[in-house]
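Coordinates as given in structure-v9.csv (CSV, C-alpha atoms):
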chain,number,residue,atom,x,y,z
I,511,MET,CA,-32.1,-10.1,25.4
I,512,LYS,CA,-30.4,-12.8,23.2
I,513,LYS,CA,-31.8,-11.1,20.1
I,514,VAL,CA,-30.5,-7.8,21.3
I,515,PHE,CA,-27.0,-9.2,21.7
I,516,LYS,CA,-27.3,-11.0,18.3
I,517,TRP,CA,-28.2,-7.7,16.6
I,518,ILE,CA,-25.4,-5.9,18.3
I,519,GLY,CA,-23.0,-8.6,17.1
I,520,ILE,CA,-24.3,-8.3,13.6
I,521,VAL,CA,-23.9,-4.5,13.6
I,522,LEU,CA,-20.4,-4.7,15.1
I,523,GLY,CA,-19.4,-7.4,12.7
I,524,SER,CA,-20.7,-5.3,9.8
I,525,LEU,CA,-18.8,-2.3,11.0
I,526,VAL,CA,-15.6,-4.3,11.3
I,527,SER,CA,-16.1,-5.8,7.8
I,528,LEU,CA,-16.7,-2.3,6.4
I,529,ILE,CA,-13.6,-0.9,8.1
I,530,LEU,CA,-11.5,-3.8,6.8
I,531,ALA,CA,-12.9,-3.3,3.3
I,532,LEU,CA,-12.1,0.4,3.4
I,533,MET,CA,-8.6,-0.3,4.7
I,534,VAL,CA,-8.0,-2.7,1.7
I,535,VAL,CA,-9.3,-0.1,-0.7
I,536,PHE,CA,-7.1,2.7,0.7
I,537,PHE,CA,-4.1,0.3,0.8
I,538,LEU,CA,-4.6,-0.4,-2.9
I,539,LEU,CA,-5.1,3.3,-3.7
I,540,GLY,CA,-2.0,4.2,-1.7
I,541,ASN,CA,0.1,1.5,-3.4
I,542,SER,CA,-1.2,2.7,-6.8
I,543,ARG,CA,-0.2,6.3,-6.1
I,544,LEU,CA,3.3,5.2,-5.0
I,545,ASN,CA,3.8,3.0,-8.0
I,546,LYS,CA,2.3,5.2,-10.7
I,547,THR,CA,4.7,5.8,-13.6
I,548,TYR,CA,4.9,9.4,-14.8
I,549,ASN,CA,6.3,10.4,-18.2
I,550,PHE,CA,7.6,13.9,-18.6
I,551,PRO,CA,9.2,15.3,-21.8
I,552,PRO,CA,12.9,16.2,-21.4
I,553,ASP,CA,13.5,19.7,-19.8
I,554,ASN,CA,16.8,19.9,-21.6
I,555,ILE,CA,18.4,21.9,-18.8
I,556,ALA,CA,21.9,23.1,-19.8
I,557,ILE,CA,24.5,21.7,-17.4
I,558,PRO,CA,27.5,24.1,-17.1
I,559,THR,CA,31.1,23.2,-16.6
I,560,ASP,CA,32.7,26.6,-15.8
I,561,ALA,CA,34.2,27.2,-12.3
I,562,GLU,CA,31.8,30.0,-11.5
I,563,SER,CA,28.7,27.9,-12.1
I,564,LEU,CA,30.2,25.0,-10.1
I,565,ALA,CA,30.8,27.3,-7.2
I,566,ARG,CA,27.2,28.5,-7.5
I,567,GLY,CA,26.0,24.9,-7.5
I,568,GLU,CA,28.1,24.1,-4.4
I,569,HIS,CA,26.7,27.2,-2.6
I,570,LEU,CA,23.1,26.3,-3.4
I,571,THR,CA,23.6,22.6,-2.6
I,572,LYS,CA,25.0,23.3,0.8
I,573,MET,CA,22.2,25.7,1.6
I,574,LEU,CA,19.3,23.6,0.3
I,575,CYS,CA,20.4,20.0,0.4
I,576,SER,CA,22.9,19.3,3.2
I,577,GLY,CA,20.4,19.7,5.9
I,578,CYS,CA,18.6,16.5,4.9
I,579,HIS,CA,21.4,14.6,3.0
I,580,GLY,CA,24.3,15.4,5.4
I,581,ALA,CA,27.3,17.8,5.2
I,582,ASP,CA,29.1,15.4,2.8
I,583,LEU,CA,25.8,14.6,0.9
I,584,SER,CA,26.2,10.9,1.7
I,585,GLY,CA,22.7,10.5,3.0
I,586,VAL,CA,21.1,10.3,6.4
I,587,ALA,CA,19.7,7.1,8.0
I,588,ASP,CA,16.2,7.3,9.4
I,589,TRP,CA,15.4,10.8,8.0
I,590,PHE,CA,11.8,9.6,8.4
I,591,PRO,CA,12.2,7.7,11.7
I,592,PRO,CA,11.1,4.1,11.8
I,593,GLY,CA,7.5,3.7,13.1
I,594,PRO,CA,4.1,2.5,12.2
I,595,PHE,CA,4.1,4.4,8.9
I,596,GLY,CA,7.4,2.9,7.7
I,597,SER,CA,10.8,4.4,7.4
I,598,MET,CA,12.9,6.5,5.0
I,599,ASP,CA,16.5,7.4,4.6
I,600,ALA,CA,17.7,10.6,2.9
I,601,PRO,CA,19.6,9.2,-0.1
I,602,ASN,CA,23.3,9.5,-0.8
I,603,LEU,CA,23.6,12.2,-3.5
I,604,THR,CA,27.2,11.5,-4.4
I,605,SER,CA,28.7,9.2,-7.1
I,606,GLY,CA,30.1,6.9,-4.4
I,607,LYS,CA,28.9,3.3,-3.8
I,608,GLY,CA,25.3,3.4,-2.9
I,609,GLY,CA,24.9,7.0,-4.2
I,610,ILE,CA,22.5,8.3,-6.9
I,611,GLY,CA,25.4,8.5,-9.3
I,612,ASP,CA,25.0,4.7,-9.7
I,613,GLU,CA,21.4,5.1,-10.5
I,614,PHE,CA,21.2,8.4,-12.4
I,615,THR,CA,22.7,7.8,-15.8
I,616,SER,CA,21.7,11.1,-17.5
I,617,ASP,CA,21.3,14.7,-16.6
I,618,GLU,CA,17.6,14.4,-17.1
I,619,ASP,CA,17.4,11.8,-14.3
I,620,TYR,CA,18.6,14.6,-11.9
I,621,VAL,CA,16.0,17.0,-13.3
I,622,LEU,CA,13.2,14.4,-12.9
I,623,ALA,CA,14.1,14.0,-9.2
I,624,ILE,CA,14.7,17.7,-8.3
I,625,ARG,CA,12.0,19.4,-10.4
I,626,HIS,CA,9.4,16.7,-10.9
I,627,GLY,CA,9.7,14.4,-7.9
I,628,VAL,CA,10.1,11.1,-9.7
I,629,ASP,CA,13.0,8.6,-10.0
I,630,PRO,CA,14.6,7.6,-13.3
I,631,GLU,CA,11.8,5.1,-13.8
I,632,GLY,CA,9.2,7.8,-13.4
I,633,LYS,CA,8.0,6.5,-9.9
I,634,PRO,CA,7.2,9.1,-7.2
I,635,ILE,CA,9.9,9.9,-4.6
I,636,PHE,CA,8.9,11.3,-1.2
I,637,MET,CA,11.0,14.4,-1.2
I,638,PRO,CA,8.9,17.3,0.1
I,639,ALA,CA,11.5,19.9,-1.0
I,640,VAL,CA,10.5,19.2,-4.6
I,641,VAL,CA,7.5,21.5,-4.0
I,642,GLY,CA,9.9,24.4,-3.5
I,643,PHE,CA,12.5,23.2,-6.0
I,644,SER,CA,10.0,23.2,-8.8
I,645,PHE,CA,10.3,27.0,-8.7
I,646,MET,CA,14.1,26.9,-9.1
I,647,GLY,CA,15.4,28.7,-12.2
I,648,ASP,CA,17.0,26.7,-14.9
I,649,GLU,CA,20.5,28.1,-14.4
I,650,ASP,CA,20.5,27.4,-10.7
I,651,LEU,CA,19.1,23.9,-11.3
I,652,GLY,CA,21.8,23.2,-13.9
I,653,ALA,CA,24.5,24.5,-11.5
I,654,ILE,CA,23.3,22.2,-8.7
I,655,ILE,CA,23.3,19.2,-11.0
I,656,ALA,CA,26.8,20.1,-12.3
I,657,TYR,CA,28.1,20.3,-8.7
I,658,LEU,CA,26.4,17.0,-7.6
I,659,LYS,CA,28.0,15.2,-10.6
I,660,THR,CA,31.5,16.4,-9.5
I,661,ALA,CA,31.1,16.3,-5.7
I,662,LEU,CA,33.5,14.2,-3.7
I,663,PRO,CA,32.2,10.6,-3.9
I,664,VAL,CA,31.3,9.0,-0.6
I,665,ASP,CA,30.4,5.3,-0.2
I,666,ASN,CA,27.2,4.9,1.8
I,667,GLN,CA,24.3,2.6,1.1
I,668,THR,CA,21.0,3.9,2.2
I,669,SER,CA,17.7,2.1,2.4
I,670,GLY,CA,15.4,4.4,0.4
I,671,GLN,CA,11.7,4.9,1.2
I,672,ASN,CA,9.8,2.0,2.8
I,673,PHE,CA,6.2,2.7,3.6
I,674,SER,CA,4.4,0.2,5.8
I,675,ALA,CA,0.9,-1.1,5.0
I,676,LEU,CA,-0.5,1.5,7.5
I,677,GLY,CA,1.5,4.2,5.7
I,678,LYS,CA,0.1,3.2,2.4
I,679,ILE,CA,-3.4,3.1,3.8
I,680,LEU,CA,-3.0,6.7,5.0
I,681,ILE,CA,-1.6,7.8,1.7
I,682,GLY,CA,-4.5,6.2,-0.1
I,683,ALA,CA,-6.9,8.0,2.3
I,684,GLY,CA,-5.2,11.3,1.5
I,685,LEU,CA,-4.2,11.9,5.1
I,686,PHE,CA,-0.6,12.6,4.1
I,687,GLY,CA,-1.7,15.1,1.5
I,688,LYS,CA,-0.4,15.1,-2.0
I,689,LEU,CA,2.8,13.5,-3.1
I,690,PRO,CA,5.3,16.0,-4.4
I,691,VAL,CA,4.8,14.8,-8.0
I,692,GLU,CA,1.1,15.4,-7.6
I,693,GLU,CA,1.5,18.9,-6.3
I,694,VAL,CA,4.0,20.7,-8.5
I,695,SER,CA,3.3,22.4,-11.9
I,696,HIS,CA,6.0,20.4,-13.9
I,697,ALA,CA,6.9,23.5,-15.8
I,698,ALA,CA,9.6,22.6,-18.3
I,699,HIS,CA,11.5,25.9,-17.9
I,700,VAL,CA,11.7,28.4,-15.0
I,701,THR,CA,13.4,31.8,-15.0
I,702,ALA,CA,14.7,33.1,-11.6
I,703,PRO,CA,14.6,36.8,-10.8
I,704,ALA,CA,17.8,38.7,-11.0
I,705,ALA,CA,19.9,38.2,-7.9
I,706,GLY,CA,20.0,41.2,-5.6
I,707,VAL,CA,18.7,42.7,-2.3
I,708,THR,CA,15.1,42.8,-3.5
I,709,VAL,CA,11.7,41.5,-2.4
I,710,GLU,CA,11.5,39.4,-5.6
I,711,TYR,CA,14.8,37.7,-5.1
I,712,GLY,CA,14.0,37.2,-1.4
I,713,GLN,CA,10.8,35.5,-2.3
I,714,TYR,CA,12.6,33.2,-4.7
I,715,LEU,CA,15.2,32.2,-2.1
I,716,VAL,CA,12.5,31.6,0.6
I,717,THR,CA,10.4,29.6,-1.9
I,718,ILE,CA,13.2,27.2,-3.1
I,719,GLY,CA,14.3,26.9,0.5
I,720,ASP,CA,10.9,25.3,1.2
I,721,CYS,CA,10.2,27.5,4.2
I,722,LYS,CA,6.5,26.9,3.7
I,723,SER,CA,6.7,23.3,4.7
I,724,CYS,CA,7.3,24.3,8.3
I,725,HIS,CA,6.0,27.8,8.6
I,726,GLY,CA,2.8,27.4,6.6
I,727,ALA,CA,1.4,28.4,3.2
I,728,GLU,CA,1.1,32.1,4.4
I,729,PHE,CA,4.2,31.9,6.7
I,730,ALA,CA,2.0,32.5,9.8
I,731,GLY,CA,3.5,29.4,11.5
I,732,GLY,CA,1.6,26.6,13.2
I,733,PRO,CA,2.0,23.0,14.3
I,734,PHE,CA,5.2,21.3,13.2
I,735,PRO,CA,4.8,19.0,10.2
I,736,ASP,CA,5.8,16.0,12.3
I,737,PRO,CA,2.8,15.4,14.6
I,738,SER,CA,5.1,13.8,17.2
I,739,VAL,CA,6.7,17.2,17.7
I,740,SER,CA,4.8,19.5,20.0
I,741,ILE,CA,6.5,22.8,19.2
I,742,LEU,CA,4.9,25.5,17.0
I,743,ALA,CA,6.7,26.8,13.9
I,744,PRO,CA,6.9,30.6,14.5
I,745,ASN,CA,5.0,33.2,12.5
I,746,LEU,CA,7.4,34.8,10.0
I,747,THR,CA,5.0,37.6,8.9
I,748,PRO,CA,5.1,41.1,10.4
I,749,GLY,CA,2.6,39.8,12.9
I,750,GLY,CA,5.3,37.6,14.6
I,751,GLU,CA,8.4,38.2,16.6
I,752,LEU,CA,10.5,38.5,13.5
I,753,ALA,CA,9.1,42.0,13.0
I,754,GLU,CA,11.0,43.1,16.0
I,755,TRP,CA,14.4,41.8,14.7
I,756,SER,CA,16.8,44.2,13.1
I,757,GLU,CA,18.4,43.3,9.8
I,758,LYS,CA,21.7,42.8,11.7
I,759,GLY,CA,20.0,40.7,14.3
I,760,PHE,CA,18.3,38.5,11.6
I,761,ILE,CA,21.6,37.9,9.8
I,762,ALA,CA,23.4,37.1,13.1
I,763,ALA,CA,20.6,34.7,14.1
I,764,MET,CA,20.8,32.8,10.9
I,765,GLN,CA,24.6,32.6,11.1
I,766,THR,CA,25.0,31.7,14.8
I,767,GLY,CA,21.7,30.1,15.8
I,768,ILE,CA,21.2,32.7,18.5
I,769,GLU,CA,18.1,34.9,18.4
I,770,PRO,CA,18.4,38.6,19.3
I,771,ASP,CA,16.9,37.9,22.7
I,772,GLY,CA,19.6,35.3,23.4
I,773,LYS,CA,17.5,32.2,22.8
I,774,ALA,CA,19.2,29.4,20.9
I,775,MET,CA,17.4,27.9,17.9
I,776,ASP,CA,17.3,24.1,17.8
I,777,PRO,CA,18.9,22.9,14.5
I,778,ASN,CA,16.7,19.8,14.6
I,779,TYR,CA,13.7,22.0,13.9
I,780,MET,CA,15.2,25.2,12.4
I,781,PRO,CA,17.9,24.6,9.8
I,782,TRP,CA,19.8,27.8,10.7
I,783,LYS,CA,23.1,26.2,9.9
I,784,GLU,CA,22.2,25.7,6.3
I,785,ILE,CA,20.3,29.0,5.9
I,786,GLY,CA,23.3,30.7,7.5
I,787,LEU,CA,25.4,29.7,4.6
I,788,ALA,CA,23.6,32.2,2.5
I,789,SER,CA,25.5,35.4,1.8
I,790,ASP,CA,24.6,38.6,3.7
I,791,ASP,CA,22.9,40.0,0.7
I,792,GLU,CA,20.8,36.8,0.3
I,793,LEU,CA,19.7,37.0,3.9
I,794,LYS,CA,18.8,40.6,3.5
I,795,ALA,CA,16.7,39.8,0.5
I,796,MET,CA,14.9,37.0,2.5
I,797,LEU,CA,14.1,39.4,5.3
I,798,MET,CA,13.0,42.0,2.9
I,799,TYR,CA,10.5,39.6,1.4
I,800,LEU,CA,9.2,38.4,4.8
I,801,ARG,CA,8.7,42.0,5.9
I,802,SER,CA,6.6,42.6,2.8
I,803,LEU,CA,4.1,39.9,3.8
I,804,PRO,CA,0.6,40.7,5.2
I,805,LYS,CA,0.6,41.0,9.0
I,806,LEU,CA,-1.0,37.8,10.3
I,807,GLU,CA,-1.6,36.3,13.7
I,808,GLN,CA,0.3,33.2,14.8
I,809,VAL,CA,-1.4,30.0,13.7
I,810,THR,CA,-1.7,27.6,16.7
I,811,GLU,CA,-3.7,24.7,15.3
Can I see the file as structure tokens?
Amino acid sequence: MKKVFKWIGIVLGSLVSLILALMVVFFLLGNSRLNKTYNFPPDNIAIPTDAESLARGEHLTKMLCSGCHGADLSGVADWFPPGPFGSMDAPNLTSGKGGIGDEFTSDEDYVLAIRHGVDPEGKPIFMPAVVGFSFMGDEDLGAIIAYLKTALPVDNQTSGQNFSALGKILIGAGLFGKLPVEEVSHAAHVTAPAAGVTVEYGQYLVTIGDCKSCHGAEFAGGPFPDPSVSILAPNLTPGGELAEWSEKGFIAAMQTGIEPDGKAMDPNYMPWKEIGLASDDELKAMLMYLRSLPKLEQVTE
């Protein structure tokens, strides 16, 4: 019997040692991915100064950025709530104290962050929206950068991204998927489709709006990206409830947060307040694109 317990102890000890060794390996891999330096050639995006472009940049920034960075763009504490994986603030995008205006010294620094997912030093930033933003046309990107550089400065010091050892282990093991910089194409120039109530422009708006991050690669919905949230993201294809909404009902829902059946959408999970800043024509184009998708069943797991 003693020999049996001895062998059990040896086996368990070996397993523990193996698990610890794997944790160390994954920690080093995760740390390496987070600290890798990327070098991209300049995109040479033209940054406009005319009033029309600045207005376009403000419109897009409020639609696409204020949901995470705050209505005044001064950042949001605990955007990634503190927990076993670490913590993360959405940074201050203004030129105020603590804002990226202190860190971004060139137009290219903004391009690197928005289109490529790296900071001015070439290190990865954990900004999931980069995956959608990488499809943003050069003119729209230039307009957003122009607006950010002229936006009202707000003083607010944020804490950046701080992954715990466990978080780095999971990144090293690939359980958080690819970092944005590892996923996007890094195209130097992107041309957006002509603005209008068309399927093509609707697809463009839905793509740069990063709707896939919650509603799935095929827009059939599924579990919310945050595993601590039990709700399902709804199916946006003609196989879901959206197919029953009229164009007028869709626009009203995005602008008021009230679905056609009277149900209120939770802004913590559905950024209707930001999407609702789109013009009626932009919303019509988005709906037109969603209606053009293949009819799929709701994803539940």
Separation of CA of Gly580 in chain I from CA of Met796 in chain I in Å: 23.7 Å
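Around Gly706 in chain I, within 8 Å and counting only C-alpha atoms, the residues found are Ala704, Thr708, Tyr711, Asp791, Glu792 and Ala795 of chain I, once anything fewer than 2 positions away on its own chain is removed.
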Neighbour list for range 641-646 of chain I as number ranges by chain, cut-off 6 Å, all atoms listed in the file, skip fewer than 2 positions in-chain: I: 625, 639, 690, 694, 717-718, 720
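Here CA of Asn745 in chain I is placed at a distance of 12.7 Å from CA of Ser723 in chain I.
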d(CA of Ala683 in chain I, CA of Val628 in chain I) in Å: 21.0 Å
All residues 9 Å or closer to Ala661 in chain I, only C-alpha atoms, same chain fewer than 6 positions away omitted, as an mmCIF file with C-alpha atoms, in the frame of the given file:
data_model
loop_
_atom_site.group_PDB
_atom_site.id
_atom_site.type_symbol
_atom_site.label_atom_id
_atom_site.label_comp_id
_atom_site.auth_asym_id
_atom_site.auth_seq_id
_atom_site.Cartn_x
_atom_site.Cartn_y
_atom_site.Cartn_z
ATOM 1 C CA GLU I 568 28.100 24.100 -4.400
ATOM 2 C CA ASP I 582 29.100 15.400 2.800
ATOM 3 C CA LEU I 583 25.800 14.600 0.900
ATOM 4 C CA LEU I 603 23.600 12.200 -3.500
ATOM 5 C CA THR I 604 27.200 11.500 -4.400
ATOM 6 C CA SER I 605 28.700 9.200 -7.100
#
Nearest-residue call for Ala556 in chain I, choices I:Pro703, I:Gly647, I:Gly786, I:Pro630, using all atoms listed in the file: I:Gly647
For Pro748 in chain I, the nearest of the candidates I:Asp617, I:Asp665, I:Glu807, I:Asp629, counting all atoms listed in the file: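 Going through I:Asp617, I:Asp665, I:Glu807, I:Asp629 one by one, the smallest distance to Pro748 in chain I is for I:Glu807.
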Sel. within 10 Å of pt (27.7, 10.0, 4.5), counting all atoms listed in the file, output as a ChimeraX atom specification: /I:579-587,601-604,606,609,663-668
Selected residue of minimal separation from Ser576 in chain I among I:Gly750, I:Val700, I:Phe636, I:Ala600, counting only C-alpha atoms: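 Using only C-alpha atoms, Ser576 in chain I sits closest to I:Ala600.
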Residue neighbourhood range 531-538 of chain I, 8 Å, only C-alpha atoms, exclusion window fewer than 3 positions, as a list in words: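 Those residues are Ser527, Leu528, Asn541, Ser542, Ala675, Leu676, Lys678, Ile679, Leu680, Ile681, Gly682 and Ala683 of chain I.
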For Asp648 in chain I: contacts at 7 Å, only C-alpha atoms, fewer than 3 positions along chain excluded, given as a PyMOL selection string: chain I and resi 555+651-652+699-701
Distance criterion (all atoms listed in the file): nearest to Val707 in chain I out of I:Pro551, I:Glu562, I:Phe595, I:Ser789: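 Answer, going by the shortest atom-to-atom distance: I:Ser789.
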